[in-house]
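Printed here is query_2.txt (compact mmCIF, C-alpha atoms):
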```txt
# COMPACT_ATOMS: atom_id res chain seq x y z
CA MET X 135 -36.04 164.65 42.85
CA SER X 136 -35.45 160.98 43.32
CA GLY X 137 -36.76 158.95 46.26
CA GLN X 138 -33.52 156.92 46.32
CA PRO X 139 -31.84 158.48 49.43
CA ARG X 140 -34.91 157.66 51.61
CA LEU X 141 -34.91 154.13 50.22
CA VAL X 142 -31.23 153.73 50.97
CA GLU X 143 -31.77 154.91 54.54
CA VAL X 144 -34.66 152.52 55.20
CA ARG X 145 -32.79 149.70 53.47
CA ARG X 146 -29.89 150.31 55.87
CA LYS X 147 -32.22 149.80 58.84
CA VAL X 148 -33.61 146.62 57.30
CA LEU X 149 -30.08 145.33 56.79
CA LYS X 150 -29.20 146.18 60.38
CA HIS X 151 -32.24 144.22 61.57
CA ASN X 152 -31.23 141.38 59.26
CA ASP X 153 -27.71 141.32 60.72
CA ILE X 154 -29.09 140.97 64.24
CA VAL X 155 -31.31 138.03 63.26
CA ALA X 156 -28.46 136.47 61.26
CA ASP X 157 -26.19 136.69 64.30
CA GLU X 158 -28.82 134.94 66.41
CA LEU X 159 -29.10 132.22 63.78
CA ARG X 160 -25.31 131.82 63.70
CA GLY X 161 -25.34 131.35 67.47
CA ARG X 162 -28.05 128.69 67.24
CA PHE X 163 -26.24 126.89 64.43
CA ALA X 164 -23.00 126.85 66.45
CA ALA X 165 -24.76 125.63 69.60
CA ALA X 166 -26.37 122.81 67.59
CA GLY X 167 -23.03 121.86 66.01
CA ILE X 168 -24.47 122.24 62.50
CA PHE X 169 -22.56 123.52 59.47
CA VAL X 170 -24.65 125.79 57.25
CA VAL X 171 -23.95 126.40 53.57
CA SER X 172 -25.82 128.90 51.43
CA LEU X 173 -25.89 128.76 47.63
CA VAL X 174 -26.19 131.89 45.51
CA SER X 175 -26.23 132.19 41.72
CA SER X 176 -28.14 133.38 38.67
CA PRO X 177 -31.37 131.63 37.72
CA GLY X 178 -30.54 128.47 35.82
CA SER X 179 -26.92 128.02 36.89
CA GLY X 180 -27.71 124.54 38.17
CA LYS X 181 -28.06 125.19 41.93
CA THR X 182 -30.89 122.70 42.38
CA ALA X 183 -29.28 119.86 40.39
CA PHE X 184 -26.07 120.49 42.33
CA LEU X 185 -27.92 120.50 45.65
CA GLU X 186 -29.89 117.36 44.75
CA ARG X 187 -26.63 115.52 44.05
CA THR X 188 -25.05 116.92 47.22
CA LEU X 189 -27.94 115.86 49.46
CA PHE X 190 -28.08 112.41 47.85
CA ARG X 191 -24.40 111.71 48.40
CA MET X 192 -23.88 113.45 51.74
CA ARG X 193 -26.83 111.75 53.40
CA GLU X 194 -25.02 108.41 53.09
CA ARG X 195 -22.74 109.54 55.90
CA PHE X 196 -24.23 112.72 57.41
CA ARG X 197 -27.54 114.09 58.61
CA VAL X 198 -28.44 116.73 56.01
CA ALA X 199 -31.38 119.04 55.31
CA ALA X 200 -32.16 121.96 53.02
CA LEU X 201 -34.17 125.14 52.70
CA VAL X 202 -34.90 126.35 49.17
CA GLY X 203 -35.98 129.84 48.24
CA ASP X 204 -38.07 130.71 45.22
CA LEU X 205 -40.41 133.51 44.20
CA ALA X 206 -43.34 131.40 43.21
CA THR X 207 -43.14 127.65 42.93
CA GLU X 208 -42.47 124.69 45.18
CA ASN X 209 -40.94 122.71 42.29
CA ASP X 210 -37.44 122.69 43.79
CA CYS X 211 -38.67 121.37 47.10
CA ALA X 212 -40.51 118.50 45.38
CA ARG X 213 -37.43 117.77 43.27
CA LEU X 214 -35.02 117.83 46.20
CA ALA X 215 -37.28 115.64 48.32
CA ARG X 216 -36.32 112.83 45.92
CA ALA X 217 -32.85 112.88 47.48
CA GLY X 218 -34.50 111.59 50.66
CA ALA X 219 -33.43 114.47 52.91
CA PRO X 220 -35.82 116.83 54.74
CA VAL X 221 -36.39 119.91 52.59
CA ARG X 222 -38.52 122.99 53.17
CA GLN X 223 -39.48 125.63 50.62
CA ILE X 224 -39.41 129.37 51.31
CA THR X 225 -41.68 131.16 48.84
CA THR X 226 -40.71 134.83 48.72
CA GLY X 227 -43.47 136.24 46.50
CA THR X 228 -41.87 139.19 44.75
CA VAL X 229 -38.91 139.49 47.14
CA CYS X 230 -35.66 138.99 45.25
CA HIS X 231 -33.60 137.36 48.01
CA LEU X 232 -33.84 135.38 51.24
CA ASP X 233 -33.35 137.20 54.52
CA ALA X 234 -32.52 135.95 58.01
CA ASP X 235 -36.15 136.31 59.19
CA MET X 236 -37.35 133.98 56.43
CA VAL X 237 -34.70 131.40 57.37
CA ASP X 238 -35.61 131.76 61.05
CA LYS X 239 -39.31 131.15 60.33
CA ALA X 240 -38.63 128.23 57.99
CA LEU X 241 -36.58 126.49 60.70
CA ASN X 242 -39.49 126.63 63.13
CA GLY X 243 -39.94 123.25 64.80
CA TRP X 244 -36.83 121.66 63.28
CA ASP X 245 -34.40 119.98 65.68
CA LEU X 246 -31.12 121.50 64.53
CA GLY X 247 -29.22 119.26 66.94
CA ALA X 248 -30.27 116.29 64.80
CA LEU X 249 -28.45 117.67 61.75
CA ASP X 250 -24.84 117.91 60.57
CA PHE X 251 -25.36 120.07 57.48
CA LEU X 252 -28.05 122.54 56.47
CA PHE X 253 -28.03 123.85 52.90
CA ILE X 254 -29.87 127.06 52.02
CA GLU X 255 -30.56 127.65 48.33
CA ASN X 256 -31.18 131.35 47.74
CA VAL X 257 -33.45 132.86 45.07
CA GLY X 258 -31.71 132.86 41.68
CA ASN X 259 -30.24 136.36 41.62
CA LEU X 260 -26.64 137.46 41.30
CA VAL X 261 -27.23 140.87 42.90
CA CYS X 262 -29.59 141.21 45.84
CA PRO X 263 -28.76 138.14 47.97
CA SER X 264 -25.25 139.52 48.47
CA SER X 265 -26.46 142.04 51.06
CA TYR X 266 -28.31 139.58 53.31
CA ASP X 267 -26.39 137.58 55.88
CA LEU X 268 -28.29 134.35 56.63
CA GLY X 269 -26.07 133.27 59.50
CA GLU X 270 -24.43 130.72 57.22
CA ASN X 271 -20.92 129.36 57.83
CA LEU X 272 -20.07 129.22 54.15
CA ARG X 273 -21.49 131.03 51.17
CA LEU X 274 -20.93 129.30 47.85
CA VAL X 275 -21.39 131.31 44.65
CA LEU X 276 -22.04 129.28 41.51
CA ILE X 277 -21.66 130.35 37.88
CA SER X 278 -22.31 128.04 34.98
CA VAL X 279 -20.09 127.81 31.92
CA THR X 280 -23.04 128.98 29.80
CA GLU X 281 -23.12 132.39 31.55
CA GLY X 282 -19.72 133.52 30.30
CA GLU X 283 -16.33 134.19 31.86
CA ASP X 284 -17.04 137.88 32.56
CA LYS X 285 -19.72 137.45 35.24
CA PRO X 286 -17.38 137.87 38.27
CA LEU X 287 -16.35 141.29 36.90
CA LYS X 288 -19.93 142.34 36.18
CA TYR X 289 -21.38 141.14 39.51
CA PRO X 290 -18.46 141.67 41.90
CA THR X 291 -20.46 142.18 45.11
CA ILE X 292 -21.75 138.64 45.30
CA PHE X 293 -18.22 137.31 44.79
CA HIS X 294 -16.94 139.67 47.50
CA THR X 295 -19.37 138.21 50.02
CA ALA X 296 -18.79 134.56 49.05
CA ASP X 297 -16.32 132.16 50.66
CA LEU X 298 -16.05 129.66 47.83
CA ALA X 299 -16.87 129.68 44.10
CA ALA X 300 -17.98 126.88 41.82
CA ILE X 301 -18.05 126.81 38.04
CA THR X 302 -20.97 124.50 37.19
CA LYS X 303 -22.03 122.55 34.07
CA ILE X 304 -18.33 122.05 33.30
CA ASP X 305 -19.35 119.17 31.01
CA LEU X 306 -20.70 121.82 28.60
CA ALA X 307 -17.49 123.91 28.63
CA THR X 308 -16.31 122.79 25.20
CA ALA X 309 -19.75 123.11 23.57
CA VAL X 310 -20.06 126.74 24.69
CA GLU X 311 -16.35 127.56 24.20
CA PHE X 312 -15.94 128.47 27.86
CA ASP X 313 -12.47 129.62 28.94
CA SER X 314 -12.08 128.27 32.50
CA ALA X 315 -8.68 129.89 33.03
CA ALA X 316 -10.13 133.32 32.16
CA ALA X 317 -13.12 132.79 34.47
CA ILE X 318 -10.86 131.76 37.37
CA ARG X 319 -8.63 134.77 36.68
CA ASN X 320 -11.70 137.04 36.81
CA ILE X 321 -12.90 135.48 40.07
CA GLN X 322 -9.41 135.90 41.56
CA SER X 323 -9.19 139.51 40.46
CA VAL X 324 -12.42 140.28 42.37
CA ARG X 325 -11.73 138.00 45.33
CA PRO X 326 -8.02 137.14 45.50
CA GLY X 327 -7.26 133.72 46.93
CA MET X 328 -10.84 132.36 46.84
CA LYS X 329 -10.94 128.66 46.03
CA VAL X 330 -12.73 127.79 42.79
CA LEU X 331 -14.23 124.35 42.13
CA GLU X 332 -15.02 123.12 38.61
CA LEU X 333 -18.08 120.89 38.77
CA SER X 334 -20.68 118.96 36.87
CA ALA X 335 -23.71 117.60 38.69
CA LYS X 336 -24.39 115.59 35.54
CA THR X 337 -21.05 113.78 35.17
CA SER X 338 -20.03 114.18 38.85
CA GLN X 339 -16.75 115.83 37.80
CA GLY X 340 -15.33 117.73 40.76
CA MET X 341 -18.08 116.63 43.15
CA ASP X 342 -15.73 114.52 45.30
CA GLU X 343 -13.59 117.60 45.86
CA TRP X 344 -16.72 119.50 46.94
CA PHE X 345 -17.69 116.73 49.37
CA ALA X 346 -14.15 116.76 50.78
CA VAL X 347 -14.39 120.52 51.35
CA LEU X 348 -17.67 120.05 53.24
CA GLU X 349 -16.28 117.27 55.42
CA SER X 350 -13.16 119.20 56.34
CA LYS X 351 -15.24 122.29 57.17
CA LEU X 352 -17.54 120.30 59.44
CA ALA X 353 -14.60 118.64 61.19
CA ARG X 354 -12.95 122.00 61.74
CA SER X 355 -16.13 123.64 63.01
CA VAL X 356 -16.84 120.76 65.43
CA GLN X 357 -13.25 121.01 66.66
CA ALA X 358 -13.54 124.79 67.14
CA SER X 359 -16.74 124.54 69.16
CA GLY X 360 -15.72 121.39 71.10
CA MET L 107 -40.01 142.75 64.51
CA SER L 108 -39.08 143.04 60.89
CA GLY L 109 -38.32 146.31 59.10
CA GLN L 110 -40.04 145.03 55.93
CA PRO L 111 -43.35 147.00 56.10
CA ARG L 112 -41.47 150.34 56.27
CA LEU L 113 -39.32 149.24 53.33
CA VAL L 114 -42.39 148.28 51.31
CA GLU L 115 -43.96 151.69 51.99
CA VAL L 116 -40.89 153.65 50.94
CA ARG L 117 -40.39 151.37 47.94
CA ARG L 118 -43.95 152.21 46.87
CA LYS L 119 -43.08 155.92 46.90
CA VAL L 120 -39.93 155.27 44.88
CA LEU L 121 -41.95 153.30 42.34
CA LYS L 122 -44.50 156.12 42.14
CA HIS L 123 -41.69 158.59 41.45
CA ASN L 124 -40.30 156.16 38.87
CA ASP L 125 -43.66 155.91 37.12
CA ILE L 126 -43.83 159.70 36.79
CA VAL L 127 -40.36 159.91 35.24
CA ALA L 128 -41.14 156.90 33.02
CA ASP L 129 -44.29 158.62 31.74
CA GLU L 130 -42.27 161.74 30.91
CA LEU L 131 -39.77 159.58 29.04
CA ARG L 132 -42.58 157.85 27.14
CA GLY L 133 -43.88 161.26 26.09
CA ARG L 134 -40.43 162.33 24.87
CA PHE L 135 -39.95 159.07 22.97
CA ALA L 136 -43.34 159.46 21.26
CA ALA L 137 -42.67 163.10 20.36
CA ALA L 138 -39.32 162.11 18.85
CA GLY L 139 -40.91 159.24 16.89
CA ILE L 140 -38.50 156.73 18.41
CA PHE L 141 -39.36 153.13 19.29
CA VAL L 142 -37.80 151.98 22.56
CA VAL L 143 -37.13 148.35 23.43
CA SER L 144 -35.86 147.18 26.82
CA LEU L 145 -34.18 143.81 27.35
CA VAL L 146 -34.46 141.92 30.62
CA SER L 147 -33.01 138.53 31.55
CA SER L 148 -30.77 136.60 33.91
CA PRO L 149 -27.05 137.23 33.81
CA GLY L 150 -25.52 135.24 30.98
CA SER L 151 -28.65 134.64 28.91
CA GLY L 152 -26.99 136.25 25.91
CA LYS L 153 -28.55 139.74 26.00
CA THR L 154 -25.37 141.48 24.85
CA ALA L 155 -24.60 139.08 21.99
CA PHE L 156 -28.22 139.39 20.89
CA LEU L 157 -28.11 143.19 21.10
CA GLU L 158 -24.78 143.35 19.26
CA ARG L 159 -26.28 141.34 16.40
CA THR L 160 -29.46 143.44 16.46
CA LEU L 161 -27.59 146.77 16.32
CA PHE L 162 -25.29 145.50 13.58
CA ARG L 163 -28.14 144.40 11.32
CA MET L 164 -30.70 147.11 12.12
CA ARG L 165 -28.26 149.94 11.51
CA GLU L 166 -28.09 148.99 7.84
CA ARG L 167 -31.57 150.47 7.46
CA PHE L 168 -32.40 152.38 10.65
CA ARG L 169 -30.85 154.85 13.05
CA VAL L 170 -30.24 152.83 16.20
CA ALA L 171 -28.63 153.43 19.59
CA ALA L 172 -28.38 151.61 22.92
CA LEU L 173 -28.06 152.12 26.66
CA VAL L 174 -26.56 149.23 28.62
CA GLY L 175 -26.86 148.77 32.36
CA ASP L 176 -24.33 146.94 34.50
CA LEU L 177 -23.30 146.97 38.13
CA ALA L 178 -19.63 147.43 37.62
CA THR L 179 -17.99 147.22 34.21
CA GLU L 180 -18.13 149.02 30.91
CA ASN L 181 -17.32 145.82 29.00
CA ASP L 182 -20.70 145.63 27.29
CA CYS L 183 -20.49 149.18 26.06
CA ALA L 184 -17.06 148.53 24.54
CA ARG L 185 -18.33 145.32 22.97
CA LEU L 186 -21.48 146.89 21.54
CA ALA L 187 -19.57 149.85 20.14
CA ARG L 188 -18.11 147.36 17.64
CA ALA L 189 -21.54 147.24 16.01
CA GLY L 190 -20.93 150.85 14.98
CA ALA L 191 -23.97 152.32 16.76
CA PRO L 192 -23.87 154.94 19.53
CA VAL L 193 -23.91 153.17 22.90
CA ARG L 194 -23.82 154.53 26.44
CA GLN L 195 -23.17 152.58 29.63
CA ILE L 196 -25.16 153.05 32.84
CA THR L 197 -23.14 151.78 35.78
CA THR L 198 -25.49 151.12 38.69
CA GLY L 199 -23.00 150.28 41.46
CA THR L 200 -24.86 147.90 43.75
CA VAL L 201 -28.33 148.73 42.39
CA CYS L 202 -29.94 145.62 40.91
CA HIS L 203 -31.99 147.27 38.15
CA LEU L 204 -32.24 150.33 35.94
CA ASP L 205 -34.79 153.00 36.80
CA ALA L 206 -36.33 155.79 34.77
CA ASP L 207 -34.07 158.44 36.38
CA MET L 208 -30.97 156.56 35.24
CA VAL L 209 -32.31 156.34 31.69
CA ASP L 210 -33.24 160.02 31.76
CA LYS L 211 -29.72 161.02 32.88
CA ALA L 212 -28.03 158.73 30.37
CA LEU L 213 -29.99 160.31 27.50
CA ASN L 214 -28.73 163.76 28.43
CA GLY L 215 -27.53 165.57 25.30
CA TRP L 216 -28.70 162.89 22.86
CA ASP L 217 -30.88 164.03 19.96
CA LEU L 218 -33.69 161.49 20.15
CA GLY L 219 -35.20 162.89 16.96
CA ALA L 220 -32.18 161.55 15.09
CA LEU L 221 -32.99 157.95 16.08
CA ASP L 222 -35.50 155.29 15.02
CA PHE L 223 -34.78 152.69 17.69
CA LEU L 224 -33.33 152.89 21.17
CA PHE L 225 -32.46 149.63 22.94
CA ILE L 226 -32.05 149.55 26.71
CA GLU L 227 -30.26 146.52 28.14
CA ASN L 228 -31.15 146.15 31.82
CA VAL L 229 -28.92 144.71 34.56
CA GLY L 230 -28.92 140.88 34.42
CA ASN L 231 -31.62 140.08 36.96
CA LEU L 232 -34.85 138.16 36.51
CA VAL L 233 -36.54 139.74 39.53
CA CYS L 234 -36.01 143.42 40.31
CA PRO L 235 -36.19 145.06 36.85
CA SER L 236 -39.81 143.92 36.57
CA SER L 237 -41.02 146.69 38.90
CA TYR L 238 -39.38 149.60 37.07
CA ASP L 239 -41.07 151.13 34.05
CA LEU L 240 -38.42 152.74 31.82
CA GLY L 241 -40.89 154.38 29.46
CA GLU L 242 -40.13 151.70 26.88
CA ASN L 243 -42.58 150.74 24.12
CA LEU L 244 -41.71 147.07 24.26
CA ARG L 245 -40.16 144.95 26.98
CA LEU L 246 -38.46 141.78 25.76
CA VAL L 247 -37.68 139.06 28.29
CA LEU L 248 -34.98 136.60 27.28
CA ILE L 249 -34.27 133.15 28.70
CA SER L 250 -31.56 130.91 27.36
CA VAL L 251 -31.99 127.18 26.76
CA THR L 252 -29.29 126.55 29.37
CA GLU L 253 -31.43 128.03 32.16
CA GLY L 254 -34.14 125.37 31.98
CA GLU L 255 -37.78 125.26 30.93
CA ASP L 256 -39.13 126.09 34.42
CA LYS L 257 -37.91 129.68 34.67
CA PRO L 258 -41.19 131.36 33.61
CA LEU L 259 -42.97 129.56 36.47
CA LYS L 260 -40.26 130.46 38.99
CA TYR L 261 -39.93 134.12 37.96
CA PRO L 262 -43.49 134.96 36.83
CA THR L 263 -43.43 138.71 37.57
CA ILE L 264 -40.90 139.55 34.89
CA PHE L 265 -42.93 137.58 32.34
CA HIS L 266 -46.11 139.38 33.45
CA THR L 267 -44.53 142.77 32.72
CA ALA L 268 -42.99 141.75 29.39
CA ASP L 269 -44.56 142.19 25.94
CA LEU L 270 -42.52 139.61 24.08
CA ALA L 271 -40.35 136.63 25.06
CA ALA L 272 -37.28 135.16 23.39
CA ILE L 273 -35.65 131.81 24.01
CA THR L 274 -31.97 132.40 23.28
CA LYS L 275 -28.99 130.14 22.48
CA ILE L 276 -31.42 127.84 20.66
CA ASP L 277 -28.38 126.34 18.87
CA LEU L 278 -27.50 124.67 22.20
CA ALA L 279 -30.98 123.21 22.76
CA THR L 280 -30.02 119.64 21.84
CA ALA L 281 -26.76 119.69 23.81
CA VAL L 282 -28.57 120.73 26.99
CA GLU L 283 -31.69 118.62 26.30
CA PHE L 284 -33.93 121.69 26.32
CA ASP L 285 -37.63 121.09 25.74
CA SER L 286 -38.81 124.16 23.79
CA ALA L 287 -42.46 123.10 23.75
CA ALA L 288 -42.46 122.84 27.56
CA ALA L 289 -40.79 126.24 27.93
CA ILE L 290 -43.31 127.88 25.60
CA ARG L 291 -46.15 126.17 27.48
CA ASN L 292 -44.75 127.58 30.76
CA ILE L 293 -44.45 131.08 29.30
CA GLN L 294 -48.01 130.86 28.00
CA SER L 295 -49.35 129.66 31.34
CA VAL L 296 -47.90 132.77 33.01
CA ARG L 297 -48.66 135.19 30.18
CA PRO L 298 -51.32 133.75 27.86
CA GLY L 299 -50.95 134.81 24.25
CA MET L 300 -47.47 136.36 24.52
CA LYS L 301 -45.42 135.78 21.38
CA VAL L 302 -42.26 133.70 21.90
CA LEU L 303 -39.29 133.88 19.54
CA GLU L 304 -36.67 131.11 19.38
CA LEU L 305 -33.32 132.65 18.58
CA SER L 306 -29.62 132.16 18.24
CA ALA L 307 -27.34 135.18 17.97
CA LYS L 308 -24.62 132.71 16.95
CA THR L 309 -26.31 130.97 14.02
CA SER L 310 -28.83 133.81 13.36
CA GLN L 311 -31.74 131.38 13.66
CA GLY L 312 -34.94 133.33 14.30
CA MET L 313 -33.22 136.72 14.02
CA ASP L 314 -35.04 137.70 10.82
CA GLU L 315 -38.35 137.15 12.58
CA TRP L 316 -37.14 139.45 15.39
CA PHE L 317 -36.11 142.15 12.91
CA ALA L 318 -39.53 141.84 11.24
CA VAL L 319 -41.24 142.34 14.62
CA LEU L 320 -39.18 145.50 15.23
CA GLU L 321 -39.94 146.94 11.79
CA SER L 322 -43.67 146.32 12.09
CA LYS L 323 -43.71 147.86 15.59
CA LEU L 324 -41.92 150.99 14.36
CA ALA L 325 -44.25 151.30 11.38
CA ARG L 326 -47.28 150.96 13.62
CA SER L 327 -45.98 153.47 16.18
CA VAL L 328 -45.14 156.05 13.50
CA GLN L 329 -48.62 155.56 12.02
CA ALA L 330 -50.24 155.97 15.43
CA SER L 331 -48.42 159.23 16.18
CA GLY L 332 -48.64 160.61 12.60
```
Give the structure from the file, written as structure tokens.
Amino acid sequence: MSGQPRLVEVRRKVLKHNDIVADELRGRFAAAGIFVVSLVSSPGSGKTAFLERTLFRMRERFRVAALVGDLATENDCARLARAGAPVRQITTGTVCHLDADMVDKALNGWDLGALDFLFIENVGNLVCPSSYDLGENLRLVLISVTEGEDKPLKYPTIFHTADLAAITKIDLATAVEFDSAAAIRNIQSVRPGMKVLELSAKTSQGMDEWFAVLESKLARSVQASG
Amino acid sequence: MSGQPRLVEVRRKVLKHNDIVADELRGRFAAAGIFVVSLVSSPGSGKTAFLERTLFRMRERFRVAALVGDLATENDCARLARAGAPVRQITTGTVCHLDADMVDKALNGWDLGALDFLFIENVGNLVCPSSYDLGENLRLVLISVTEGEDKPLKYPTIFHTADLAAITKIDLATAVEFDSAAAIRNIQSVRPGMKVLELSAKTSQGMDEWFAVLESKLARSVQASG
């Protein structure tokens, strides 16, 4: 006999608890007038490089900060601190995703009212983070051209729960014979109508479009709460 | 209050159950004289291309078969079938890893005595599969040059539970400015003494060394049980 049904039952309770905390976070974010973006992807899809570039550029005109999740190291935090924005690391140990409690704890003592954007970089994992609401306003799923065009079909849940997709490392597309049209078709078949950005943190291709998306989202969210 | 401690407790029971089933599998594999290799990695690290090449070449001289795990599609199974070896798909739904029960069920009706090697491709996930023993003789962890040299430090658990590491897509190393020496150093700092292969399924670089490892492992395991 397998222990799976018990696990599923307890996991359901954990998710219910997570949803309550996530809702509280969402309320606090709205009250503070902050727009929160979470990033989910496989390990090595370029989340940190992308976030570094985003923080560096966005902080010219906005008040930005980031939380970064990792199993074991604080490397990302040190790397992102170079962008000059406040960054905190969440070290999860063996836990394969961030949850709302971890975000809540990591925000302890931060004045959310002093921020426009908060970015939350999840643990590199294309499966487990999909189930955990972090109270974010926008969930961005990233896949790099080196991972292959089929990933949206093989990991549909994370695409289902995302609001926006980005194809990263687009500068390597030719070298790895990546078929962008096929990848976009696969994303659309899982999540019809979802916007897909094609980006390179290295060459900056597509980054202006990403910044424009962020600005319009913030403007709309301020308008909605004002 | 968080629901985590309850989840940890139930997860421990599930793992205990898994270990029992995995031990039974290990016994069956040994009795059948079959050598079982599991593959773990991030999504998109090139597991399937590597396995396709492995099955294609190894079947010239050995009786080989494979199980491939995926959340949602049977694409890998269809792709691997081209190598001419028997392949079965395990579709896990939303479950982020294979477990011993899934392997046990998937083997139903297969004559293990008619095989020399069984390959088990896990779900693309650098975190969760580390906790689940599948009864395999050798666990190979793959990272591609496009994922970055830091991955062993950021995902240490999977390297701790692996017996052998492979750096894949080595043909792209120059294009992505990958520092192999640093990656190997990072692997060794997590798992001192673990052998690291540098491979390309595309150009076949390093593949002969991999086939030699497999042959020597089979020879040794047959000797040990004979």
Margin query: Could you work out which residues of chain X fall inside 9 Å of chain L? Count all atoms listed in the file, and format the result as a VMD selection string.
Written below: chain X and resid 135 to 138 140 to 141 144 to 145 147 to 149 151 to 152 176 to 180 204 to 209 228 to 230 235 258 to 262 278 280 to 282 284 to 285 287 to 291 306 309 to 310
Checklist line | For Ser306 (chain L): contacts at 10 Å, only C-alpha atoms, fewer than 2 positions along chain excluded, given as number ranges by chain | finding: L: 152, 155-156, 159, 250, 272-278, 303-304, 308-313
Residues of the last selection are to be written out with C-alpha atoms, as a PDB file, in the frame of the given file.
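Written output follows (out_1.pdb):
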```
ATOM      1  CA  GLY L 152     -26.990 136.250  25.910  1.00  0.00           C
ATOM      2  CA  ALA L 155     -24.600 139.080  21.990  1.00  0.00           C
ATOM      3  CA  PHE L 156     -28.220 139.390  20.890  1.00  0.00           C
ATOM      4  CA  ARG L 159     -26.280 141.340  16.400  1.00  0.00           C
ATOM      5  CA  SER L 250     -31.560 130.910  27.360  1.00  0.00           C
ATOM      6  CA  ALA L 272     -37.280 135.160  23.390  1.00  0.00           C
ATOM      7  CA  ILE L 273     -35.650 131.810  24.010  1.00  0.00           C
ATOM      8  CA  THR L 274     -31.970 132.400  23.280  1.00  0.00           C
ATOM      9  CA  LYS L 275     -28.990 130.140  22.480  1.00  0.00           C
ATOM     10  CA  ILE L 276     -31.420 127.840  20.660  1.00  0.00           C
ATOM     11  CA  ASP L 277     -28.380 126.340  18.870  1.00  0.00           C
ATOM     12  CA  LEU L 278     -27.500 124.670  22.200  1.00  0.00           C
ATOM     13  CA  LEU L 303     -39.290 133.880  19.540  1.00  0.00           C
ATOM     14  CA  GLU L 304     -36.670 131.110  19.380  1.00  0.00           C
ATOM     15  CA  LYS L 308     -24.620 132.710  16.950  1.00  0.00           C
ATOM     16  CA  THR L 309     -26.310 130.970  14.020  1.00  0.00           C
ATOM     17  CA  SER L 310     -28.830 133.810  13.360  1.00  0.00           C
ATOM     18  CA  GLN L 311     -31.740 131.380  13.660  1.00  0.00           C
ATOM     19  CA  GLY L 312     -34.940 133.330  14.300  1.00  0.00           C
ATOM     20  CA  MET L 313     -33.220 136.720  14.020  1.00  0.00           C
TER      21      MET L 313
END
```
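Here CA of Val247 (chain L) and CA of Ala271 (chain L) stand 4.8 Å from one another.
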Given the point (-31.3, 162.1, 20.2) in the coordinates of this file, which residues lie within 12 Å, counting only C-alpha atoms, and how would they look as a PDB file with C-alpha atoms, in the coordinates of the input?
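Result file out12.pdb:
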```pdb
ATOM      1  CA  ARG L 134     -40.430 162.330  24.870  1.00  0.00           C
ATOM      2  CA  PHE L 135     -39.950 159.070  22.970  1.00  0.00           C
ATOM      3  CA  ALA L 137     -42.670 163.100  20.360  1.00  0.00           C
ATOM      4  CA  ALA L 138     -39.320 162.110  18.850  1.00  0.00           C
ATOM      5  CA  GLY L 139     -40.910 159.240  16.890  1.00  0.00           C
ATOM      6  CA  ILE L 140     -38.500 156.730  18.410  1.00  0.00           C
ATOM      7  CA  ARG L 169     -30.850 154.850  13.050  1.00  0.00           C
ATOM      8  CA  VAL L 170     -30.240 152.830  16.200  1.00  0.00           C
ATOM      9  CA  ALA L 171     -28.630 153.430  19.590  1.00  0.00           C
ATOM     10  CA  ALA L 172     -28.380 151.610  22.920  1.00  0.00           C
ATOM     11  CA  PRO L 192     -23.870 154.940  19.530  1.00  0.00           C
ATOM     12  CA  VAL L 193     -23.910 153.170  22.900  1.00  0.00           C
ATOM     13  CA  ASP L 210     -33.240 160.020  31.760  1.00  0.00           C
ATOM     14  CA  ALA L 212     -28.030 158.730  30.370  1.00  0.00           C
ATOM     15  CA  LEU L 213     -29.990 160.310  27.500  1.00  0.00           C
ATOM     16  CA  ASN L 214     -28.730 163.760  28.430  1.00  0.00           C
ATOM     17  CA  GLY L 215     -27.530 165.570  25.300  1.00  0.00           C
ATOM     18  CA  TRP L 216     -28.700 162.890  22.860  1.00  0.00           C
ATOM     19  CA  ASP L 217     -30.880 164.030  19.960  1.00  0.00           C
ATOM     20  CA  LEU L 218     -33.690 161.490  20.150  1.00  0.00           C
ATOM     21  CA  GLY L 219     -35.200 162.890  16.960  1.00  0.00           C
ATOM     22  CA  ALA L 220     -32.180 161.550  15.090  1.00  0.00           C
ATOM     23  CA  LEU L 221     -32.990 157.950  16.080  1.00  0.00           C
ATOM     24  CA  ASP L 222     -35.500 155.290  15.020  1.00  0.00           C
ATOM     25  CA  PHE L 223     -34.780 152.690  17.690  1.00  0.00           C
ATOM     26  CA  LEU L 224     -33.330 152.890  21.170  1.00  0.00           C
TER      27      LEU L 224
END
```
Item checked: Gap from CA of Glu321 (chain L) to CA of Ser295 (chain L) - Å, one decimal -> 27.7 Å
Next item on the list: Considering all atoms listed in the file, return as a PyMOL selection string whatever protein or nucleic-acid residues lie within 10 Å of Ile226 (chain L), sequence-local ones (same chain, fewer than 3 positions apart) excluded.
Entry: chain L and resi 142-146+157+171-175+193-196+204+209+223+229+240+242+245
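The spacing separating CA of Tyr238 (chain L) from CA of Thr226 (chain X) amounts to 18.9 Å.
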Checklist line | Polymer residues at most 10 Å from (-23.1, 114.2, 48.2) by all atoms listed in the file, as a PyMOL selection string | finding: chain X and resi 184-196+198+217+338+341-342+344-346+348
